[in-house]
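> File follows, start-v6.tsv with TSV, C-alpha atoms (C1' of nucleotides):
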```
chain	number	residue	atom	x	y	z
A	181	MET	CA	8.53	-19.47	15.96
A	182	THR	CA	11.60	-17.39	16.70
A	183	GLN	CA	13.72	-19.91	14.87
A	184	ASP	CA	11.23	-20.00	12.02
A	185	LEU	CA	11.23	-16.26	11.47
A	186	MET	CA	14.96	-15.86	11.89
A	187	SER	CA	15.90	-18.88	9.82
A	188	THR	CA	13.59	-17.68	7.09
A	189	TYR	CA	15.41	-14.36	7.19
A	190	ARG	CA	18.80	-15.99	6.92
A	191	ARG	CA	17.72	-18.09	3.98
A	192	LEU	CA	16.24	-15.10	2.17
A	193	LEU	CA	19.39	-13.07	2.75
A	194	ALA	CA	21.58	-15.93	1.59
A	195	SER	CA	19.47	-16.30	-1.55
A	196	TYR	CA	19.08	-12.68	-2.59
A	197	GLY	CA	21.69	-10.64	-0.73
A	198	PRO	CA	21.16	-7.15	0.73
A	199	GLN	CA	18.43	-5.19	-1.04
A	200	HIS	CA	19.46	-1.61	-0.28
A	201	TRP	CA	16.02	-0.15	0.18
A	202	TRP	CA	15.43	3.54	0.72
A	203	PRO	CA	19.07	4.49	1.05
A	204	GLY	CA	18.15	8.14	0.49
A	205	PRO	CA	19.75	10.46	3.04
A	206	ASP	CA	16.80	12.85	3.21
A	207	PRO	CA	14.12	11.86	5.76
A	208	LEU	CA	11.50	14.12	4.15
A	209	GLU	CA	12.04	12.47	0.78
A	210	ILE	CA	11.52	9.11	2.46
A	211	VAL	CA	8.31	10.26	4.13
A	212	ILE	CA	6.98	11.58	0.83
A	213	GLY	CA	7.99	8.34	-0.87
A	214	ALA	CA	6.23	6.30	1.82
A	215	ILE	CA	2.98	8.14	1.15
A	216	LEU	CA	3.29	8.13	-2.62
A	217	THR	CA	4.08	4.43	-2.83
A	218	GLN	CA	0.73	3.41	-1.36
A	219	ALA	CA	-0.60	0.75	-3.78
A	220	VAL	CA	1.90	1.87	-6.39
A	221	ALA	CA	5.09	0.46	-7.88
A	222	TRP	CA	8.22	2.23	-6.69
A	223	ARG	CA	9.32	3.23	-10.19
A	224	ASN	CA	6.25	5.46	-10.41
A	225	VAL	CA	7.18	7.08	-7.13
A	226	GLU	CA	10.64	7.89	-8.46
A	227	LYS	CA	9.12	9.79	-11.36
A	228	ALA	CA	6.95	11.80	-9.01
A	229	ILE	CA	9.84	12.58	-6.66
A	230	THR	CA	11.98	13.72	-9.58
A	231	SER	CA	9.20	16.00	-10.75
A	232	LEU	CA	8.73	17.44	-7.27
A	233	LYS	CA	12.45	17.99	-6.97
A	234	GLN	CA	12.66	19.82	-10.29
A	235	ALA	CA	9.74	22.02	-9.27
A	236	ARG	CA	11.44	22.73	-5.93
A	237	LEU	CA	8.47	21.28	-4.08
A	238	LEU	CA	10.49	18.89	-1.94
A	239	SER	CA	10.11	20.82	1.29
A	240	LEU	CA	7.36	21.00	3.90
A	241	GLU	CA	6.97	24.76	3.40
A	242	ALA	CA	6.61	24.40	-0.37
A	243	ILE	CA	4.10	21.58	-0.02
A	244	ALA	CA	2.09	23.59	2.47
A	245	SER	CA	1.92	26.69	0.27
A	246	VAL	CA	1.54	25.26	-3.24
A	247	PRO	CA	-2.02	24.80	-4.55
A	248	THR	CA	-3.23	21.21	-4.22
A	249	GLU	CA	-3.92	20.98	-7.95
A	250	GLU	CA	-0.38	21.99	-8.80
A	251	LEU	CA	1.02	19.50	-6.31
A	252	ALA	CA	-1.20	16.81	-7.83
A	253	ARG	CA	0.13	17.51	-11.32
A	254	HIS	CA	3.64	16.52	-10.27
A	255	ILE	CA	2.63	13.22	-8.71
A	256	ARG	CA	0.32	11.92	-11.42
A	257	PRO	CA	2.36	8.72	-11.99
A	258	THR	CA	1.42	7.58	-8.48
A	259	ILE	CA	-2.20	6.92	-9.51
A	260	TYR	CA	-4.35	8.46	-6.79
A	261	TYR	CA	-2.72	11.82	-7.23
A	262	ASN	CA	-5.53	14.02	-5.96
A	263	GLN	CA	-5.85	12.02	-2.76
A	264	LYS	CA	-2.11	11.84	-2.30
A	265	ALA	CA	-1.66	15.57	-2.88
A	266	ARG	CA	-4.06	16.11	0.00
A	267	LYS	CA	-2.20	13.59	2.11
A	268	LEU	CA	1.10	15.41	1.57
A	269	LYS	CA	-0.53	18.69	2.52
A	270	ASP	CA	-2.12	17.19	5.62
A	271	PHE	CA	1.26	15.83	6.66
A	272	SER	CA	2.99	19.20	6.23
A	273	MET	CA	0.22	20.91	8.18
A	274	PHE	CA	0.57	18.40	10.99
A	275	ILE	CA	4.31	18.99	11.28
A	276	LYS	CA	3.77	22.72	11.21
A	277	ARG	CA	1.12	22.52	13.93
A	278	GLU	CA	2.62	19.89	16.23
A	279	HIS	CA	6.36	20.32	15.66
A	280	GLN	CA	6.78	23.92	14.56
A	281	GLY	CA	7.47	22.77	11.03
A	282	ASN	CA	10.44	20.66	12.09
A	283	LEU	CA	10.20	17.08	10.84
A	284	ASP	CA	12.95	15.98	13.22
A	285	GLY	CA	10.64	16.83	16.09
A	286	LEU	CA	8.41	13.96	15.03
A	287	LEU	CA	11.19	11.57	14.02
A	288	ALA	CA	12.97	11.97	17.36
A	289	LEU	CA	10.00	10.65	19.34
A	290	PRO	CA	9.99	7.17	20.88
A	291	VAL	CA	8.68	4.56	18.43
A	292	GLU	CA	5.21	4.01	19.87
A	293	THR	CA	4.65	7.72	20.51
A	294	MET	CA	5.71	8.55	16.97
A	295	ARG	CA	3.43	5.82	15.67
A	296	ARG	CA	0.41	7.20	17.51
A	297	GLN	CA	1.08	10.66	16.11
A	298	LEU	CA	1.53	9.36	12.57
A	299	LEU	CA	-1.75	7.46	12.75
A	300	GLN	CA	-3.53	10.68	13.66
A	301	ILE	CA	-2.62	12.08	10.27
A	302	ARG	CA	-5.24	11.46	7.65
A	303	GLY	CA	-3.78	9.34	4.89
A	304	ILE	CA	-1.27	7.54	7.05
A	305	GLY	CA	-2.28	4.06	8.14
A	306	ASP	CA	-0.45	1.23	9.87
A	307	GLU	CA	1.88	0.28	7.06
A	308	THR	CA	2.85	3.80	6.03
A	309	ALA	CA	3.44	4.74	9.67
A	310	ASP	CA	5.78	1.79	10.20
A	311	SER	CA	7.59	2.53	6.93
A	312	ILE	CA	8.22	6.10	8.05
A	313	ILE	CA	9.42	5.01	11.50
A	314	LEU	CA	11.74	2.39	10.05
A	315	TYR	CA	13.12	4.10	6.97
A	316	ALA	CA	12.90	7.83	7.79
A	317	ALA	CA	13.37	7.82	11.57
A	318	ASN	CA	15.67	4.79	11.52
A	319	LYS	CA	13.94	3.16	14.46
A	320	PRO	CA	12.79	-0.46	14.68
A	321	SER	CA	9.15	-0.89	13.68
A	322	PHE	CA	8.35	-3.96	11.59
A	323	VAL	CA	6.46	-3.24	8.38
A	324	ILE	CA	3.65	-5.67	7.59
A	325	ASP	CA	2.43	-5.50	4.01
A	326	SER	CA	0.39	-7.73	1.74
A	327	TYR	CA	3.58	-9.47	0.63
A	328	THR	CA	4.45	-10.32	4.21
A	329	ARG	CA	1.04	-11.89	4.68
A	330	ARG	CA	1.29	-13.85	1.45
A	331	VAL	CA	4.80	-15.18	2.02
A	332	PHE	CA	4.32	-16.25	5.64
A	333	LYS	CA	0.89	-17.66	4.97
A	334	ARG	CA	2.38	-19.88	2.28
A	335	LEU	CA	5.09	-20.89	4.70
A	336	GLY	CA	2.34	-21.89	7.10
A	337	LEU	CA	3.70	-19.61	9.82
A	338	ILE	CA	0.61	-17.42	9.99
A	339	ASP	CA	-3.05	-17.75	9.11
A	340	GLY	CA	-3.07	-14.62	6.99
A	341	SER	CA	-6.26	-13.15	8.37
A	342	GLU	CA	-4.64	-11.65	11.46
A	343	HIS	CA	-5.05	-7.95	12.09
A	344	TYR	CA	-2.16	-5.73	11.15
A	345	LEU	CA	-1.24	-4.93	14.73
A	346	ALA	CA	-1.32	-8.58	15.76
A	347	LEU	CA	1.23	-9.48	13.09
A	348	ARG	CA	3.45	-6.50	13.87
A	349	THR	CA	3.43	-7.44	17.54
A	350	LEU	CA	4.28	-11.05	16.70
A	351	PHE	CA	7.17	-10.16	14.41
A	352	MET	CA	8.56	-7.61	16.84
A	353	LYS	CA	8.38	-10.10	19.68
A	354	GLU	CA	10.20	-12.79	17.73
A	355	ILE	CA	12.73	-10.72	15.83
A	356	PRO	CA	15.41	-8.69	17.65
A	357	ARG	CA	14.64	-4.99	17.41
A	358	ASP	CA	17.34	-3.86	15.06
A	359	VAL	CA	16.78	-1.23	12.39
A	360	LYS	CA	19.03	-2.78	9.77
A	361	LEU	CA	17.49	-6.19	10.37
A	362	TYR	CA	13.91	-4.94	10.04
A	363	ASN	CA	14.82	-2.90	6.98
A	364	GLU	CA	16.52	-5.78	5.24
A	365	TYR	CA	13.93	-8.37	6.21
A	366	HIS	CA	11.04	-6.37	4.81
A	367	ALA	CA	12.90	-5.69	1.58
A	368	LEU	CA	13.77	-9.37	1.22
A	369	ILE	CA	10.15	-10.39	1.77
A	370	VAL	CA	9.01	-8.06	-1.00
A	371	HIS	CA	11.72	-9.24	-3.35
A	372	HIS	CA	10.91	-12.87	-2.65
A	373	ALA	CA	7.17	-12.35	-3.07
A	374	LYS	CA	7.69	-10.73	-6.45
A	375	GLU	CA	9.89	-13.58	-7.58
A	376	TYR	CA	8.02	-16.59	-6.23
A	377	CYS	CA	4.83	-15.85	-4.32
A	378	LEU	CA	2.89	-14.37	-7.20
A	379	LEU	CA	-0.66	-13.35	-6.47
A	380	ASN	CA	-2.49	-15.79	-8.72
A	381	SER	CA	0.18	-18.44	-8.99
A	382	PRO	CA	0.61	-20.66	-5.94
A	383	ILE	CA	3.34	-22.62	-7.67
A	384	CYS	CA	6.83	-21.31	-6.98
A	385	LEU	CA	9.30	-23.35	-9.03
A	386	GLY	CA	12.86	-22.98	-7.84
A	387	CYS	CA	11.75	-21.19	-4.70
A	388	PRO	CA	14.69	-20.85	-2.29
A	389	LEU	CA	12.31	-21.64	0.56
A	390	GLU	CA	10.99	-24.74	-1.12
A	391	GLN	CA	11.86	-27.00	1.81
A	392	THR	CA	9.18	-25.28	3.82
A	393	CYS	CA	7.06	-23.55	1.21
A	394	PRO	CA	3.94	-25.64	0.59
A	395	GLY	CA	3.36	-23.85	-2.69
A	396	VAL	CA	6.00	-25.94	-4.43
A	397	SER	CA	4.97	-29.50	-3.72
A	398	THR	CA	1.21	-29.16	-3.50
A	399	GLY	CA	0.68	-26.77	-6.36
A	400	ARG	CA	-2.00	-25.11	-4.30
B	223	DG	C1'	-7.52	-5.42	-23.66
B	224	DC	C1'	-6.10	-6.90	-19.17
B	225	DC	C1'	-3.58	-7.11	-14.95
B	226	DC	C1'	-1.64	-5.10	-11.08
B	227	DA	C1'	1.79	-2.16	-8.47
B	228	DG	C1'	5.92	-1.51	-1.44
B	229	DG	C1'	-2.79	1.40	0.97
B	230	DG	C1'	-6.03	4.18	3.28
B	231	DG	C1'	-10.53	6.22	4.11
B	232	DG	C1'	-15.31	5.92	4.35
B	233	DC	C1'	-19.50	3.72	4.30
B	234	DT	C1'	-22.77	-0.14	5.24
B	235	DC	C1'	-24.52	-3.98	7.70
C	117	DG	C1'	-15.40	-6.02	12.85
C	118	DA	C1'	-15.84	-7.67	8.14
C	119	DG	C1'	-16.82	-6.50	3.51
C	120	DC	C1'	-17.18	-3.51	-0.08
C	121	DC	C1'	-16.20	0.70	-3.09
C	122	DC	C1'	-13.45	4.75	-4.25
C	123	DC	C1'	-9.25	6.71	-5.80
C	124	DA	C1'	-7.87	6.68	-11.38
C	125	DT	C1'	-1.58	6.11	-13.96
C	126	DG	C1'	1.36	3.45	-16.62
C	127	DG	C1'	4.13	-0.55	-17.94
C	128	DG	C1'	4.26	-5.34	-19.26
```
Represent the structure of the file as structure tokens.


Amino acid sequence: MTQDLMSTYRRLLASYGPQHWWPGPDPLEIVIGAILTQAVAWRNVEKAITSLKQARLLSLEAIASVPTEELARHIRPTIYYNQKARKLKDFSMFIKREHQGNLDGLLALPVETMRRQLLQIRGIGDETADSIILYAANKPSFVIDSYTRRVFKRLGLIDGSEHYLALRTLFMKEIPRDVKLYNEYHALIVHHAKEYCLLNSPICLGCPLEQTCPGVSTGR
DNA sequence: GCCCAGGGGGCTC
DNA sequence: GAGCCCCATGGG
């Protein structure tokens, strides 16, 4: 399995090259992006972030003090804006309460400790927690999303019905714990899924993984 | 008009 | 624990 996961990575990287995900220098912006991107295309998140930035709402203090309705207005492109406005507020309140308002206090924690704290926050589930750990805290925590399930199910490497934590544990056991590697791998999986593992189209013509991807030959 | 995007919470059984 | 609904924009 180790060889399968790592060789798949190498082939994806060779096919698509580095993806440069979340290069933003500001951890808070990455955290906000991780919450806003839930079930939403990234381009919509960029609009929301820009709006927040222009309104000077890109700080934990500002998010905590601004009315929820006003916060929601700026993040409308991210669909569930009322819910997400509450999520951003809950996050800022958590940091204020548990880390004296200092985000670095959370991001400096050991991976599993940080993960437990993140999961306590309403609105942050497994995937968002791992995204924050990986991209904002720069610590190795493999992100499992629906694309990951789809791609590796088609490759026959997983069943697809495994629980989130089971897959995360598997990937982290088989893949060396390296931040850049986890970052790049997840981005490559998403890119590949968008190109070839389309939701309602099991056929992936020209798929770079076609030697192992059953979607090509069987048409399933 | 229809589909679907880098999910999570809450409820039911 | 699985299965379902809710949330509710915008681009192709």

> Please report as a tab-separated table every residue of chain B lying within 6 Å of chain A, along with the nearest atom pair and their distance in Å (one decimal), using all atoms listed in the file.


```
residue	atom	partner	partner_atom	distance
B:DA227	C1'	A:Ala221	CA	4.3
B:DG229	C1'	A:Gln218	CA	4.7
B:DG230	C1'	A:Gly303	CA	5.9
```

> Residues at most 12 Å from DC225 of chain B, counting all atoms listed in the file, excluding those fewer than 5 positions away in the same chain, as a ChimeraX atom specification?

/A:379-380 /C:126-128

> Next, dump the selected residues to file, keeping only C-alpha atoms (C1' of nucleotides), as a compact mmCIF listing (two decimals), keeping the file's coordinate frame.


```txt
# COMPACT_ATOMS: atom_id res chain seq x y z
CA LEU A 379 -0.66 -13.35 -6.47
CA ASN A 380 -2.49 -15.79 -8.72
C1' DG C 126 1.36 3.45 -16.62
C1' DG C 127 4.13 -0.55 -17.94
C1' DG C 128 4.26 -5.34 -19.26
```

> With all atoms listed in the file as the atoms that count, which of A:Gly213, A:Pro382, A:Pro207, A:Pro257 lies nearest to chain C?

A:Pro257

> Find, counting all atoms listed in the file, the residue in A:Lys233, A:Ser341, A:Tyr189, A:Asn282 that gets nearest to chain C.

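Checking each candidate against chain C, we get A:Ser341 as the closest.
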
> Please provide as a ChimeraX atom specification all residues within 10 Å of segment 119-121 of chain C, with the sequence filter that same-chain residues fewer than 4 positions apart are discarded (counting only C-alpha atoms (C1' of nucleotides)).

/B:232-235

> Taking only C-alpha atoms (C1' of nucleotides) into account, find every residue of chain C that has an atom no more than 7 Å from chain A, and write it out as a list of chain:residue names.

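Contact residues on the first chain: C:DC123, C:DA124, C:DT125.
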
> I'd like the interatomic distance between atom CA of Pro320 of chain A and atom CA of Ile355 of chain A, to a tenth of an Å.

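About the pair atom CA of Pro320 of chain A and atom CA of Ile355 of chain A: they are 10.3 Å apart.
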
> Could you state the separation of atom CA of Met273 of chain A and atom CA of Leu251 of chain A in Å, given to one decimal place?

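That distance, rounded to one decimal, is 14.6 Å.
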
> Please return as a CSV table (one decimal) with C-alpha atoms, in the coordinates of the input every residue within 6 Å of (9.2, -2.7, 16.8), taking into account all atoms listed in the file and the file's own coordinates.


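Result file part.csv:
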```
chain,number,residue,atom,x,y,z
A,320,PRO,CA,12.8,-0.5,14.7
A,321,SER,CA,9.2,-0.9,13.7
A,322,PHE,CA,8.4,-4.0,11.6
A,352,MET,CA,8.6,-7.6,16.8
A,357,ARG,CA,14.6,-5.0,17.4
```
